[in-house]
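Text of the file target14.txt, holding compact mmCIF, C-alpha atoms:
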```
# COMPACT_ATOMS: atom_id res chain seq x y z
CA MET A 1133 -41.49 42.94 12.52
CA THR A 1134 -38.27 43.96 14.21
CA ASN A 1135 -37.07 47.39 15.30
CA ASP A 1136 -34.57 47.56 12.42
CA MET A 1137 -37.22 46.91 9.79
CA PHE A 1138 -39.58 49.45 11.36
CA ILE A 1139 -36.88 52.15 11.22
CA GLN A 1140 -36.17 51.31 7.57
CA ILE A 1141 -39.87 51.57 6.69
CA LEU A 1142 -40.05 54.97 8.43
CA ALA A 1143 -36.99 56.09 6.45
CA ALA A 1144 -38.68 54.99 3.21
CA PHE A 1145 -41.86 56.89 4.11
CA LEU A 1146 -39.94 60.07 4.98
CA PHE A 1147 -38.02 59.77 1.70
CA THR A 1148 -41.28 59.47 -0.25
CA MET A 1149 -42.74 62.52 1.48
CA GLY A 1150 -39.58 64.54 0.79
CA LEU A 1151 -39.73 63.53 -2.86
CA LEU A 1152 -43.38 64.63 -3.04
CA VAL A 1153 -42.51 68.01 -1.49
CA VAL A 1154 -39.73 68.52 -4.04
CA LEU A 1155 -41.97 67.47 -6.95
CA LEU A 1156 -45.22 69.22 -6.01
CA ARG A 1157 -44.44 72.54 -4.35
CA ARG A 1158 -43.69 75.70 -6.33
CA ASP A 1159 -41.91 77.69 -3.60
CA THR A 1160 -38.12 77.40 -3.72
CA ILE A 1161 -37.97 77.44 0.08
CA MET A 1162 -40.31 74.43 0.16
CA ILE A 1163 -38.05 72.63 -2.32
CA LEU A 1164 -35.07 73.27 -0.03
CA MET A 1165 -37.06 71.90 2.93
CA GLY A 1166 -37.92 68.81 0.87
CA ILE A 1167 -34.22 68.25 0.19
CA GLU A 1168 -33.57 68.44 3.93
CA LEU A 1169 -36.26 65.82 4.52
CA LEU A 1170 -34.71 63.55 1.85
CA LEU A 1171 -31.27 63.86 3.49
CA ASN A 1172 -32.79 63.15 6.89
CA ALA A 1173 -34.45 59.97 5.58
CA ALA A 1174 -31.16 58.78 4.09
CA ASN A 1175 -29.43 59.49 7.42
CA LEU A 1176 -32.03 57.47 9.31
CA SER A 1177 -31.58 54.53 6.95
CA LEU A 1178 -27.78 54.66 7.26
CA VAL A 1179 -27.84 54.81 11.05
CA GLY A 1180 -30.41 51.99 11.26
CA PHE A 1181 -28.44 49.59 9.08
CA SER A 1182 -25.11 50.52 10.65
CA ASN A 1183 -26.50 50.08 14.17
CA SER A 1184 -28.02 46.70 13.40
CA SER A 1185 -24.74 45.46 11.87
CA HIS A 1186 -22.66 46.63 14.89
CA MET A 1187 -20.60 49.07 12.79
CA ILE A 1188 -19.72 52.76 13.18
CA GLU A 1189 -18.99 53.72 9.56
CA GLY A 1190 -22.61 54.66 8.96
CA GLN A 1191 -22.70 57.04 11.90
CA LEU A 1192 -19.52 58.79 10.72
CA GLN A 1193 -21.00 59.07 7.22
CA VAL A 1194 -24.10 60.67 8.76
CA PHE A 1195 -21.85 63.12 10.61
CA PHE A 1196 -20.36 64.24 7.28
CA ILE A 1197 -23.77 64.35 5.57
CA ILE A 1198 -25.17 66.64 8.28
CA THR A 1199 -22.21 69.02 7.83
CA ILE A 1200 -22.67 69.11 4.06
CA ALA A 1201 -26.44 69.62 4.50
CA ALA A 1202 -25.79 72.68 6.68
CA ALA A 1203 -23.46 74.14 4.03
CA GLU A 1204 -25.96 73.33 1.28
CA SER A 1205 -28.87 75.02 3.01
CA ALA A 1206 -26.76 78.14 3.75
CA ILE A 1207 -25.84 78.43 0.04
CA GLY A 1208 -29.40 77.64 -1.06
CA LEU A 1209 -30.95 80.28 1.18
CA SER A 1210 -28.50 82.94 0.02
CA ILE A 1211 -29.39 82.06 -3.60
CA LEU A 1212 -33.03 82.40 -2.57
CA VAL A 1213 -32.51 85.87 -1.07
CA ASN A 1214 -30.80 86.87 -4.33
CA LEU A 1215 -33.73 85.46 -6.30
CA TYR A 1216 -36.21 87.45 -4.23
CA ARG A 1217 -34.18 90.62 -4.68
CA ASN A 1218 -34.06 90.25 -8.47
CA PHE A 1219 -37.50 88.86 -9.33
CA GLY A 1220 -39.64 89.95 -6.36
CA SER A 1221 -40.90 86.41 -5.82
CA ILE A 1222 -39.43 83.03 -4.97
CA LYS A 1223 -41.83 80.93 -7.03
CA THR A 1224 -40.03 78.67 -9.47
CA GLN A 1225 -42.10 79.90 -12.41
CA SER A 1226 -41.05 83.52 -11.86
CA ALA A 1227 -37.35 82.88 -12.46
CA THR A 1228 -37.38 82.15 -16.17
CA THR A 1229 -34.49 84.30 -17.39
CA LEU A 1230 -31.37 82.22 -17.80
CA LYS A 1231 -28.77 84.94 -17.96
CA GLY A 1232 -25.22 85.15 -16.65
CA MET B 673 -40.44 46.23 18.37
CA SER B 674 -40.41 48.79 21.16
CA PRO B 675 -43.58 50.89 21.62
CA ALA B 676 -41.64 54.16 22.06
CA ILE B 677 -40.14 53.87 18.58
CA VAL B 678 -43.60 53.10 17.12
CA ILE B 679 -45.16 56.20 18.73
CA LEU B 680 -42.30 58.46 17.60
CA SER B 681 -42.45 57.02 14.07
CA VAL B 682 -46.19 57.56 13.78
CA ILE B 683 -45.84 61.20 14.89
CA ALA B 684 -42.97 61.72 12.43
CA ALA B 685 -44.93 60.14 9.56
CA VAL B 686 -48.04 62.26 10.23
CA LEU B 687 -45.97 65.46 10.40
CA ALA B 688 -44.12 64.58 7.17
CA ALA B 689 -47.40 63.87 5.37
CA TYR B 690 -48.88 67.16 6.56
CA MET B 691 -45.76 68.98 5.36
CA VAL B 692 -46.64 68.05 1.75
CA ILE B 693 -50.12 69.58 1.84
CA ALA B 694 -49.69 72.47 4.33
CA LYS B 695 -50.61 75.83 2.85
CA SER B 696 -48.22 78.24 4.51
CA PRO B 697 -44.43 77.70 4.47
CA ILE B 698 -44.13 78.36 8.21
CA THR B 699 -46.44 75.39 8.97
CA SER B 700 -44.28 73.19 6.78
CA ALA B 701 -41.14 74.45 8.53
CA LEU B 702 -42.61 73.59 11.95
CA CYS B 703 -43.64 70.13 10.66
CA LEU B 704 -40.08 69.58 9.41
CA LEU B 705 -38.77 70.65 12.82
CA GLY B 706 -41.04 68.05 14.46
CA VAL B 707 -39.82 65.33 12.09
CA LEU B 708 -36.18 66.19 12.85
CA ILE B 709 -36.76 66.11 16.62
CA MET B 710 -38.57 62.75 16.38
CA THR B 711 -35.68 61.36 14.32
CA ALA B 712 -33.22 62.58 16.95
CA ALA B 713 -35.27 60.80 19.62
CA ILE B 714 -35.19 57.56 17.61
CA TYR B 715 -31.39 57.87 17.29
CA GLY B 716 -31.19 58.25 21.06
CA LEU B 717 -33.44 55.24 21.65
CA ILE B 718 -31.33 52.88 19.54
CA GLY B 719 -28.19 54.02 21.37
CA GLU B 720 -26.57 56.50 18.98
CA HIS B 721 -26.18 59.37 21.41
CA LEU B 722 -23.61 61.46 19.53
CA ILE B 723 -25.65 61.45 16.30
CA ALA B 724 -28.81 62.33 18.26
CA THR B 725 -27.07 65.33 19.81
CA ILE B 726 -25.64 66.52 16.50
CA GLN B 727 -29.06 66.12 14.88
CA LEU B 728 -30.65 68.28 17.57
CA VAL B 729 -27.96 70.96 17.59
CA VAL B 730 -27.19 71.28 13.87
CA TYR B 731 -30.42 70.24 12.13
CA ALA B 732 -33.17 71.19 14.57
CA GLY B 733 -31.18 74.14 15.87
CA ALA B 734 -29.11 75.86 13.21
CA ILE B 735 -30.69 74.83 9.91
CA MET B 736 -34.29 75.26 11.02
CA VAL B 737 -33.56 78.69 12.51
CA LEU B 738 -32.06 79.62 9.13
CA PHE B 739 -35.23 78.44 7.36
CA VAL B 740 -37.64 80.23 9.71
CA PHE B 741 -35.49 83.35 9.48
CA SER B 742 -35.66 83.27 5.67
CA ILE B 743 -39.43 82.82 5.71
CA MET B 744 -39.80 85.82 8.03
CA LEU B 745 -37.30 87.88 5.99
CA LEU B 746 -39.01 87.23 2.65
CA ASN B 747 -42.45 87.79 4.22
CA LEU B 748 -44.01 84.68 2.72
CA ASN B 749 -47.50 84.98 4.15
CA ASN B 750 -49.40 84.26 0.95
CA ASP B 751 -51.00 80.85 0.98
CA GLU B 752 -49.64 78.68 -1.76
CA THR B 753 -52.32 76.56 -3.37
CA ASP B 754 -51.55 76.80 -7.10
CA TYR B 755 -49.77 73.45 -7.07
CA ARG B 756 -53.19 71.86 -6.53
CA LYS B 757 -54.81 73.51 -9.54
CA ASN B 758 -54.17 70.58 -11.84
CA PRO B 759 -55.65 67.55 -10.04
CA LEU B 760 -54.12 65.12 -12.55
CA ILE B 761 -50.59 66.21 -11.64
CA PHE B 762 -51.39 66.46 -7.90
CA PHE B 763 -53.03 63.08 -7.44
CA GLY B 764 -50.74 61.47 -10.03
CA SER B 765 -47.67 62.55 -8.08
CA ILE B 766 -49.14 61.29 -4.81
CA ALA B 767 -50.04 57.94 -6.41
CA ALA B 768 -46.53 57.66 -7.88
CA GLY B 769 -45.00 58.45 -4.48
CA LEU B 770 -47.10 55.83 -2.74
CA GLY B 771 -46.19 53.32 -5.46
CA LEU B 772 -42.50 54.04 -4.87
CA PHE B 773 -43.01 53.60 -1.12
CA THR B 774 -44.73 50.24 -1.69
CA LEU B 775 -41.86 49.05 -3.90
CA ILE B 776 -39.25 50.07 -1.28
CA VAL B 777 -41.22 48.30 1.47
CA LEU B 778 -41.48 45.13 -0.65
CA GLY B 779 -37.72 45.22 -1.24
CA LEU B 780 -37.06 45.72 2.46
CA LYS B 781 -39.36 42.81 3.32
CA GLU B 782 -37.48 40.56 0.92
CA TYR B 783 -34.12 41.65 2.39
CA PHE B 784 -35.15 41.26 6.03
CA GLU B 785 -36.70 37.83 5.43
CA LYS B 786 -33.92 36.29 3.38
CA HIS B 787 -30.62 38.11 3.77
CA HIS B 788 -30.64 40.01 7.06
CA ALA B 789 -29.60 37.00 9.15
CA GLN B 790 -26.49 36.37 7.02
CA ARG B 791 -25.13 39.93 7.20
CA LEU B 792 -21.50 40.53 8.17
CA LEU B 793 -21.33 41.85 11.72
CA GLY B 794 -18.80 44.46 12.79
CA MET B 795 -16.99 44.46 16.11
CA PHE B 796 -18.84 47.39 17.74
CA ASN B 797 -21.76 45.67 19.43
CA HIS B 798 -23.41 47.14 22.49
CA GLU B 799 -21.15 45.55 25.10
CA THR B 800 -17.92 46.44 23.26
CA VAL B 801 -18.99 50.07 22.88
CA GLN B 802 -19.80 50.23 26.59
CA LYS B 803 -16.42 48.72 27.45
CA LEU B 804 -14.56 51.17 25.18
CA GLY B 805 -16.09 54.17 26.96
CA GLY B 806 -19.40 54.86 25.25
CA ASN B 807 -20.76 55.80 21.86
CA SER B 808 -19.29 59.33 21.69
CA LYS B 809 -15.78 58.19 22.57
CA VAL B 810 -15.77 55.41 19.96
CA LEU B 811 -17.07 57.68 17.21
CA ALA B 812 -14.70 60.53 18.09
CA HIS B 813 -11.71 58.17 18.11
CA ALA B 814 -12.58 56.85 14.65
CA LEU B 815 -13.23 60.38 13.40
CA PHE B 816 -9.79 61.65 14.39
CA THR B 817 -7.79 58.60 13.32
CA GLN B 818 -9.33 56.61 10.47
CA PHE B 819 -11.43 59.42 8.96
CA TYR B 820 -9.05 62.31 9.66
CA ILE B 821 -8.54 63.29 5.99
CA SER B 822 -12.31 63.33 5.38
CA PHE B 823 -12.76 65.53 8.43
CA GLU B 824 -10.23 68.07 7.11
CA VAL B 825 -11.78 68.04 3.64
CA ILE B 826 -15.23 68.66 5.15
CA SER B 827 -13.87 71.64 7.08
CA LEU B 828 -12.46 73.04 3.81
CA ALA B 829 -15.85 72.53 2.16
CA LEU B 830 -17.55 74.44 5.00
CA LEU B 831 -15.08 77.32 4.60
CA THR B 832 -15.81 77.44 0.85
CA ALA B 833 -19.55 77.44 1.58
CA VAL B 834 -19.22 80.37 3.98
CA VAL B 835 -17.24 82.42 1.42
CA GLY B 836 -19.72 81.48 -1.33
CA ALA B 837 -22.74 82.47 0.75
CA VAL B 838 -21.23 85.87 1.57
CA VAL B 839 -20.35 86.51 -2.10
CA LEU B 840 -23.83 85.46 -3.25
CA ALA B 841 -25.57 87.64 -0.69
CA LYS B 842 -23.50 90.73 -1.56
CA ARG B 843 -23.59 90.52 -5.35
CA LYS B 844 -26.18 92.41 -7.36
CA VAL B 845 -27.08 90.44 -10.49
CA ASP B 846 -28.34 92.53 -13.39
```
Translate the structure of the given file into structure tokens.
Amino acid sequence: MTNDMFIQILAAFLFTMGLLVVLLRRDTIMILMGIELLLNAANLSLVGFSNSSHMIEGQLQVFFIITIAAAESAIGLSILVNLYRNFGSIKTQSATTLKG
Amino acid sequence: MSPAIVILSVIAAVLAAYMVIAKSPITSALCLLGVLIMTAAIYGLIGEHLIATIQLVVYAGAIMVLFVFSIMLLNLNNDETDYRKNPLIFFGSIAAGLGLFTLIVLGLKEYFEKHHAQRLLGMFNHETVQKLGGNSKVLAHALFTQFYISFEVISLALLTAVVGAVVLAKRKVD
């Protein structure tokens, strides 16, 4: 087993764990953390393949993904603070009113 | 297969697995921080120094501070165990996740055995990158020439995100 394949297997495992966090947990902050783990696994896979093929496009793509992930978590956490202010809890089952 | 990468991967995998079942959100946040730092170390070991630095500064620095700050702000000290109340859903999800992982590993094995040797190689191998002035210089040059439009669009997206976060935090929804 080569280094490249080992990194890809680690990326697959991290992706699975992120998916389980998103599916299982009921806290919205845990769901956001799971999304971060999913993005991190995708980044690891991109960098591994790009590095083993002697290219730099994957690394630049990862640069953009990290920027977008920072923006996404800032928006998500401000939504979460709003949720806590309105419902008194950040569990997903407490926010059941779909109202504009 | 270098032993340093194996050790870092095992630590990252254990931390990620514990993140799924940890009771308090702050434990999960610290596990996620560990996974991000291990990933940054792996990036550094395979020679991607700029990405390793950005991962440490932006992910392990800024985003994780934001998460820990939110957990402290919302005072989430109650242990969350109600997702384990239905064992069918809990163990079913874990079995489905492990099945997905097995399928991905089988696909990877197929790819690395049959098609990896015939892949198209780019021009940036290790010696060329060293000759051009290092990983950071090569990436920065490509970022400000070939990917310049994408870079500007990303900066616009960040500006929009900042304005959106401020508006969301100020507004009182009724």
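Of the residues under consideration (B:Leu705, B:Ala676, B:Ala713, B:Ile723), B:Ile723 shows the shortest atom-to-atom contact distance to chain A when counting all atoms listed in the file.
Taking CA of Val686 in chain B and CA of Val740 in chain B as endpoints, the distance between them is 20.8 Å.
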Out of B:Leu793, B:Leu722, B:Ala812, B:Met710, which residue has the shortest atom-to-atom distance to chain A when counting only C-alpha atoms?
B:Leu793
Could you list the residues in chain A lying within 6 Å of chain B, using all atoms listed in the file, and format the result as an NGL selection string?
:A and (1134-1135 or 1148 or 1153 or 1185-1187 or 1203 or 1207 or 1210)
Expected file: the selected residues, C-alpha atoms, as a compact mmCIF listing (two decimals), in the coordinates of the input:
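Everything below was put into selection10.txt:
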```
# COMPACT_ATOMS: atom_id res chain seq x y z
CA THR A 1134 -38.27 43.96 14.21
CA ASN A 1135 -37.07 47.39 15.30
CA THR A 1148 -41.28 59.47 -0.25
CA VAL A 1153 -42.51 68.01 -1.49
CA SER A 1185 -24.74 45.46 11.87
CA HIS A 1186 -22.66 46.63 14.89
CA MET A 1187 -20.60 49.07 12.79
CA ALA A 1203 -23.46 74.14 4.03
CA ILE A 1207 -25.84 78.43 0.04
CA SER A 1210 -28.50 82.94 0.02
```
Would you compute the distance between CA of Pro759 in chain B and CA of Ala1144 in chain A? Give it in Å to one decimal.
24.9 Å
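CA of Leu1170 in chain A is found 5.0 Å from CA of Phe1147 in chain A.
Distances here use only C-alpha atoms; by that measure, the residue among B:Ala732, B:Ile709, B:Leu828, B:Ala724 closest to Leu680 in chain B is B:Ile709.
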Coordinates of box centre and edge lengths for range 1149-1159 of chain A, 3 Å on every side, axis-aligned, as JSON:
```
{"center_x": -42.4, "center_y": 70.1, "center_z": -2.7, "size_x": 11.6, "size_y": 21.2, "size_z": 14.4}
```
Using all atoms listed in the file, pick whichever of A:Leu1152, A:Leu1169, A:Ala1201, A:Met1137 has the shortest atom-to-atom distance to Ser1184 in chain A.
A:Met1137
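Proximity ranking of B:Gly706, B:Leu760, B:Phe816, B:Ile679 relative to Phe1138 in chain A places B:Ile679 first, based on all atoms listed in the file.
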